[in-house]
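Engineer: My structure is in entry-v4.cif, and what it holds is mmCIF, C-alpha atoms and all ligand atoms:
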data_data
loop_
_atom_site.label_atom_id
_atom_site.label_comp_id
_atom_site.auth_asym_id
_atom_site.auth_seq_id
_atom_site.Cartn_x
_atom_site.Cartn_y
_atom_site.Cartn_z
CA MET H 1079 1.98 -7.82 -12.33
CA SER H 1080 1.53 -4.86 -10.08
CA LYS H 1081 -1.84 -3.29 -9.60
CA LYS H 1082 -2.79 0.21 -8.58
CA ALA H 1083 -3.75 -0.97 -5.10
CA LEU H 1084 -0.21 -2.25 -4.59
CA ILE H 1085 1.29 1.22 -4.72
CA ALA H 1086 1.78 2.38 -1.14
CA PRO H 1087 1.22 5.99 0.03
CA CYS H 1088 5.00 6.51 0.23
CA GLY H 1089 5.48 5.53 -3.44
CA MET H 1090 6.71 1.98 -2.74
CA ASN H 1091 5.52 -0.57 -5.25
CA CYS H 1092 4.61 -3.49 -2.98
CA GLY H 1093 4.39 -5.70 -6.08
CA ILE H 1094 8.20 -5.78 -6.24
CA CYS H 1095 8.73 -6.34 -2.52
CA LEU H 1096 10.21 -9.62 -1.39
CA GLY H 1097 7.41 -9.87 1.18
CA TYR H 1098 4.83 -9.81 -1.58
CA LEU H 1099 6.73 -12.05 -4.00
CA ARG H 1100 7.54 -14.82 -1.55
CA GLU H 1101 5.31 -17.90 -1.51
CA LYS H 1102 5.03 -18.59 2.21
CA ASN H 1103 3.44 -16.11 4.59
CA ARG H 1104 2.97 -13.56 1.84
CA CYS H 1105 2.24 -9.92 2.50
CA GLU H 1106 -0.69 -8.61 0.47
CA GLY H 1107 0.72 -5.10 0.32
CA CYS H 1108 0.74 -1.95 2.39
CA ARG H 1109 -2.89 -1.04 1.88
CA PHE H 1110 -4.28 -4.44 2.93
CA TYR H 1111 -4.55 -6.09 6.29
CA CYS H 1112 -2.85 -9.50 6.37
CA GLU H 1113 -1.06 -11.85 8.72
CA GLY H 1114 2.04 -12.01 6.53
CA LYS H 1115 2.78 -8.31 6.88
CA PRO H 1116 5.99 -7.73 8.86
CA GLU H 1117 5.72 -5.72 12.09
CA TYR H 1118 7.71 -2.80 10.70
CA CYS H 1119 5.19 -2.39 7.90
CA LYS H 1120 2.22 -2.87 10.25
CA LYS H 1121 3.62 -0.13 12.48
CA CYS H 1122 4.81 2.13 9.66
CA ILE H 1123 4.37 5.80 10.52
CA ILE H 1124 3.44 6.63 6.94
CA ILE H 1125 0.41 4.36 6.42
CA ASN H 1126 -0.77 5.25 9.92
CA CYS H 1127 -0.19 8.98 9.48
CA ALA H 1128 -3.15 11.21 10.41
CA LEU H 1129 -2.30 13.68 7.65
CA LEU H 1130 -2.36 10.91 5.06
CA SER H 1131 -5.94 9.99 5.95
CA GLN H 1132 -6.91 13.59 5.23
CA THR H 1133 -5.53 13.56 1.70
CA GLU H 1134 -7.80 12.98 -1.25
CA SER H 1135 -5.46 10.69 -3.16
CA LYS H 1136 -4.16 8.78 -0.11
CA PHE H 1137 -0.63 9.44 -1.35
CA CYS H 1138 1.98 11.48 0.48
CA TYR H 1139 2.39 13.95 -2.40
CA ASP H 1140 -0.98 15.42 -1.47
CA CYS H 1141 0.09 16.23 2.07
CA PRO H 1142 1.05 19.77 3.18
CA LYS H 1143 4.16 18.39 4.89
CA TYR H 1144 5.36 16.45 1.83
CA PRO H 1145 8.12 15.34 1.76
CA CYS H 1146 8.24 14.96 5.54
CA ARG H 1147 11.30 13.77 7.47
CA ARG H 1148 10.05 10.20 7.76
CA LEU H 1149 9.44 9.93 4.03
CA LYS H 1150 12.83 11.47 3.22
CA GLN H 1151 14.55 8.99 5.56
CA LEU H 1152 12.81 6.03 3.95
CA ASP H 1153 13.59 7.37 0.49
CA GLN H 1154 17.26 7.82 1.37
CA ARG H 1155 17.49 4.29 2.74
CA TYR H 1156 16.01 2.79 -0.41
CA LYS H 1157 18.13 4.95 -2.72
CA THR H 1158 21.30 3.87 -0.95
CA LYS H 1159 20.44 0.21 -0.43
CA TYR H 1160 18.23 -0.64 -3.38
CA HIS H 1161 18.79 2.13 -5.96
CA MET H 1162 15.11 3.04 -6.00
CA SER H 1163 13.46 6.28 -4.94
CA MET H 1164 9.97 6.46 -3.48
CA ILE H 1165 9.87 10.24 -3.83
CA GLU H 1166 10.78 9.89 -7.50
CA ASN H 1167 7.90 7.42 -7.83
CA LEU H 1168 5.48 9.85 -6.17
CA GLU H 1169 6.61 12.65 -8.48
CA THR H 1170 6.02 10.40 -11.47
CA ILE H 1171 2.55 9.43 -10.25
CA LYS H 1172 1.73 13.11 -9.80
CA LYS H 1173 2.95 13.86 -13.30
CA ILE H 1174 1.65 10.96 -15.41
CA GLY H 1175 -1.04 9.43 -13.20
CA LEU H 1176 -1.25 6.14 -11.35
CA ASP H 1177 -2.37 4.04 -14.33
CA ASN H 1178 0.63 5.03 -16.43
CA PHE H 1179 2.99 4.67 -13.51
CA VAL H 1180 1.82 1.09 -12.87
CA GLU H 1181 2.15 0.31 -16.57
CA ASN H 1182 5.75 1.56 -16.55
CA GLU H 1183 6.53 -0.33 -13.36
CA ASN H 1184 5.28 -3.56 -14.89
CA LYS H 1185 7.80 -3.12 -17.70
CA ARG H 1186 10.62 -1.84 -15.49
CA TRP H 1187 10.73 -4.75 -13.04
CA ILE H 1188 10.83 -7.69 -15.44
CA CYS H 1189 13.76 -10.10 -15.61
CA PRO H 1190 15.17 -9.82 -19.17
CA SER H 1191 16.14 -13.49 -19.13
CA CYS H 1192 12.95 -15.22 -18.01
CA GLY H 1193 10.22 -12.56 -17.78
CA ALA H 1194 9.53 -13.07 -14.07
CA VAL H 1195 8.83 -10.09 -11.81
CA ARG H 1196 11.99 -8.74 -10.21
CA SER H 1197 12.24 -7.79 -6.57
CA VAL H 1198 13.70 -4.42 -5.64
CA HIS H 1199 15.27 -6.15 -2.66
CA ARG H 1200 17.42 -8.58 -4.65
CA ASP H 1201 20.05 -7.96 -7.34
CA PHE H 1202 19.30 -11.29 -9.01
CA CYS H 1203 16.17 -12.88 -10.45
CA LEU H 1204 14.21 -14.84 -7.87
CA LEU H 1205 13.24 -17.39 -10.51
CA CYS H 1206 16.18 -17.91 -12.88
CA LYS H 1207 18.88 -16.39 -10.59
CA THR H 1208 20.29 -14.15 -13.35
CA PRO H 1209 22.24 -11.28 -11.73
CA PHE H 1210 21.18 -7.72 -12.56
CA ASN H 1211 23.47 -4.76 -13.00
CA VAL H 1212 22.18 -2.12 -10.65
S1 LIG H 1301 6.27 -6.04 3.48
FE1 LIG H 1301 5.75 -3.83 3.49
S2 LIG H 1301 6.69 -3.04 1.59
FE2 LIG H 1301 6.53 -5.28 1.42
S3 LIG H 1301 4.59 -5.74 0.39
FE3 LIG H 1301 4.21 -5.76 2.60
S4 LIG H 1301 3.57 -3.67 3.12
FE4 LIG H 1301 4.57 -3.58 1.12
S1 LIG H 1302 4.31 13.20 3.74
FE1 LIG H 1302 2.54 13.80 4.95
S2 LIG H 1302 1.08 12.10 4.75
FE2 LIG H 1302 3.10 11.31 4.17
S3 LIG H 1302 3.94 10.48 6.07
FE3 LIG H 1302 4.69 12.56 5.85
S4 LIG H 1302 3.29 13.79 7.07
FE4 LIG H 1302 2.25 11.82 6.67
ZN ZN H 1303 14.67 -14.47 -14.45
#
Would you put the structure from the file into C-alpha cells?
Structural biologist:
Amino acid sequence: MSKKALIAPCGMNCGICLGYLREKNRCEGCRFYCEGKPEYCKKCIIINCALLSQTESKFCYDCPKYPCRRLKQLDQRYKTKYHMSMIENLETIKKIGLDNFVENENKRWICPSCGAVRSVHRDFCLLCKTPFNV
C-alpha cells in the first residue's frame, strides 16, 4: 500500500517502484534517506532542486518553472518506457488532493490475479508472474 510520503516531488509513486518493492537492499522512497537508494535517485536534480525547497507543498506543481525541462524529460522517459506519466500524476494531485490520489493509486496498481502490488517497472506481477496488458 502506498502512503502519502511515498509520492515523490516529481509525481512518481515510489510505492510501485521496483527499488521499493524488492526485498533486499530496499529503497525507502524518494523523500527518505536510506542506503538502498540508487545513486541516480540520490543525485536526482528534482529532489535536490533549490526551487522545490521553496514550495509550500514540496511538489513540482507549485514551482514557478513547472514543468521544467528536467521534469518533462523524466516524464517523457516514463511515458515511453513504462506508460506512466508523472506530470499527469501531479495534475491529478493538484485537482483531487494527495489523499484521493493515493487512494486511487492503491487501486490502480493491484494485480487482478493475486492482489499483490504491481510495479510500474515490470509488465508482469512480481508475485504470481501474471503478465499485464499495458
Ligand atoms: S529508487 Fe528512486 S524512484 Fe524508486 S523508490 Fe527509491 S527514490 Fe523512489
Ligand atoms: S519543476 Fe521546479 S521544483 Fe520541480 S525540478 Fe523543476 S525547477 Fe525544480
Ligand atoms: Zn499477481
Engineer: Any idea what's packed within 9 Å of Asp1153 of chain H, counting only C-alpha atoms, ignoring anything in its chain fewer than 5 positions away? Could you give it as a list in words?
Structural biologist: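 Residues near the query, excluding close chain neighbours: Cys1088, Arg1148, Thr1158, Met1162, Ser1163, Met1164, Ile1165 and Glu1166 of chain H.
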Engineer: Which neighbours of Ile1125 of chain H fall inside 9 Å, counting only C-alpha atoms, when residues of the same chain fewer than 2 positions from it are skipped, and could you give them as a list of chain:residue names?
Structural biologist: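 Returned residues: H:Ala1086, H:Pro1087, H:Cys1088, H:Cys1108, H:Arg1109, H:Cys1119, H:Lys1120, H:Lys1121, H:Cys1122, H:Ile1123, H:Cys1127, H:Ala1128, H:Leu1130, H:Ser1131.
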Engineer: Could you please extract the residues within 8 Å of ligand ZN 1303 (chain H), counting only C-alpha atoms and all ligand atoms, and hand them back as a list in words?
Structural biologist: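 Result of the 8 Å neighbour search around ligand ZN 1303 (chain H): Ile1188, Cys1189, Pro1190, Ser1191, Cys1192, Gly1193, Ala1194, Val1195, Arg1196, Phe1202, Cys1203, Leu1204, Leu1205, Cys1206, Lys1207 and Thr1208 of chain H.
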Engineer: Within 7 Å of ligand LIG 1301 (chain H) (counting all atoms listed in the file), which residues show up? I'd like them as a PyMOL selection string.
Structural biologist: chain H and resi 1086+1090+1092-1093+1095-1098+1105-1108+1115-1116+1119
Engineer: Using only C-alpha atoms and all ligand atoms, what are the residues with an atom within 6 Å of ligand LIG 1302 (chain H), set out as a list in words?
Structural biologist: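 If we count only C-alpha atoms and all ligand atoms, the neighbours of ligand LIG 1302 (chain H) turn out to be Ile1124, Cys1127, Leu1129, Leu1130, Cys1138, Cys1141, Lys1143, Tyr1144, Pro1145, Cys1146 and Leu1149 of chain H.
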Engineer: Could you tell me how far atom CA of Asn1126 of chain H sits from atom CA of Lys1082 of chain H, in Å to one decimal place?
Structural biologist: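 For atom CA of Lys1082 of chain H relative to atom CA of Asn1126 of chain H, the distance reads 19.3 Å.
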Engineer: Quote the spacing between atom CA of Asn1184 of chain H and atom CA of Arg1147 of chain H in Å to one decimal place.
Structural biologist: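 For atom CA of Asn1184 of chain H relative to atom CA of Arg1147 of chain H, the distance reads 28.9 Å.
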Engineer: When you count all atoms listed in the file, which of these residues is closest to Phe1110 of chain H: H:Ile1085, H:Ser1080, H:Asp1201, H:Tyr1139?
Structural biologist: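 Closest to Phe1110 of chain H of all the choices is H:Ile1085.
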Engineer: Return the single residue from H:Glu1101, H:Glu1117, H:Tyr1160, H:Phe1137 that is closest to Gly1175 of chain H, with distances computed using all atoms listed in the file.
Structural biologist: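 Residue with the minimum atom-to-atom distance to Gly1175 of chain H: H:Phe1137.
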Engineer: Of the candidates H:Gln1151, H:Arg1186, H:Leu1176, H:Arg1100, which shows the shortest atom-to-atom distance to Ala1083 of chain H, using all atoms listed in the file?
Structural biologist: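 Nearest candidate to Ala1083 of chain H out of H:Gln1151, H:Arg1186, H:Leu1176, H:Arg1100: H:Leu1176.
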Engineer: Between atom CA of Tyr1156 of chain H and atom CA of Val1198 of chain H, what distance in Å does the model show, to one decimal?
Structural biologist: 9.2 Å
Engineer: Write out N, CA and C atoms for segment 1122-1141 of chain H, as an mmCIF file, in the coordinates of the input.
Structural biologist:
data_model
loop_
_atom_site.group_PDB
_atom_site.id
_atom_site.type_symbol
_atom_site.label_atom_id
_atom_site.label_comp_id
_atom_site.auth_asym_id
_atom_site.auth_seq_id
_atom_site.Cartn_x
_atom_site.Cartn_y
_atom_site.Cartn_z
ATOM 1 N N CYS H 1122 4.221 1.027 10.448
ATOM 2 C CA CYS H 1122 4.810 2.130 9.660
ATOM 3 C C CYS H 1122 4.104 3.454 9.928
ATOM 4 N N ILE H 1123 4.904 4.466 10.200
ATOM 5 C CA ILE H 1123 4.370 5.800 10.520
ATOM 6 C C ILE H 1123 3.607 6.378 9.325
ATOM 7 N N ILE H 1124 4.027 6.015 8.137
ATOM 8 C CA ILE H 1124 3.440 6.630 6.940
ATOM 9 C C ILE H 1124 1.997 6.160 6.715
ATOM 10 N N ILE H 1125 1.774 4.855 6.658
ATOM 11 C CA ILE H 1125 0.410 4.360 6.420
ATOM 12 C C ILE H 1125 -0.522 4.734 7.571
ATOM 13 N N ASN H 1126 0.041 4.892 8.754
ATOM 14 C CA ASN H 1126 -0.770 5.250 9.920
ATOM 15 C C ASN H 1126 -0.815 6.755 10.187
ATOM 16 N N CYS H 1127 -0.290 7.533 9.277
ATOM 17 C CA CYS H 1127 -0.190 8.980 9.480
ATOM 18 C C CYS H 1127 -1.565 9.663 9.388
ATOM 19 N N ALA H 1128 -1.850 10.522 10.362
ATOM 20 C CA ALA H 1128 -3.150 11.210 10.410
ATOM 21 C C ALA H 1128 -3.313 12.146 9.203
ATOM 22 N N LEU H 1129 -2.210 12.757 8.792
ATOM 23 C CA LEU H 1129 -2.300 13.680 7.650
ATOM 24 C C LEU H 1129 -2.601 12.933 6.352
ATOM 25 N N LEU H 1130 -2.106 11.707 6.272
ATOM 26 C CA LEU H 1130 -2.360 10.910 5.060
ATOM 27 C C LEU H 1130 -3.861 10.634 4.917
ATOM 28 N N SER H 1131 -4.505 10.315 6.028
ATOM 29 C CA SER H 1131 -5.940 9.990 5.950
ATOM 30 C C SER H 1131 -6.758 11.199 5.507
ATOM 31 N N GLN H 1132 -6.193 12.385 5.665
ATOM 32 C CA GLN H 1132 -6.910 13.590 5.230
ATOM 33 C C GLN H 1132 -6.696 13.940 3.760
ATOM 34 N N THR H 1133 -5.786 13.248 3.106
ATOM 35 C CA THR H 1133 -5.530 13.560 1.700
ATOM 36 C C THR H 1133 -6.593 12.918 0.818
ATOM 37 N N GLU H 1134 -6.797 13.517 -0.335
ATOM 38 C CA GLU H 1134 -7.800 12.980 -1.250
ATOM 39 C C GLU H 1134 -7.289 11.730 -1.951
ATOM 40 N N SER H 1135 -6.024 11.796 -2.380
ATOM 41 C CA SER H 1135 -5.460 10.690 -3.160
ATOM 42 C C SER H 1135 -5.008 9.517 -2.311
ATOM 43 N N LYS H 1136 -4.776 9.764 -1.014
ATOM 44 C CA LYS H 1136 -4.160 8.780 -0.110
ATOM 45 C C LYS H 1136 -2.720 8.458 -0.511
ATOM 46 N N PHE H 1137 -2.070 9.486 -1.072
ATOM 47 C CA PHE H 1137 -0.630 9.440 -1.350
ATOM 48 C C PHE H 1137 0.029 10.629 -0.661
ATOM 49 N N CYS H 1138 1.265 10.424 -0.235
ATOM 50 C CA CYS H 1138 1.980 11.480 0.480
ATOM 51 C C CYS H 1138 2.125 12.786 -0.316
ATOM 52 N N TYR H 1139 2.168 12.714 -1.629
ATOM 53 C CA TYR H 1139 2.390 13.950 -2.400
ATOM 54 C C TYR H 1139 1.274 14.969 -2.217
ATOM 55 N N ASP H 1140 0.151 14.526 -1.700
ATOM 56 C CA ASP H 1140 -0.980 15.420 -1.470
ATOM 57 C C ASP H 1140 -0.976 16.061 -0.085
ATOM 58 N N CYS H 1141 0.044 15.779 0.684
ATOM 59 C CA CYS H 1141 0.090 16.230 2.070
ATOM 60 C C CYS H 1141 0.799 17.579 2.165
#
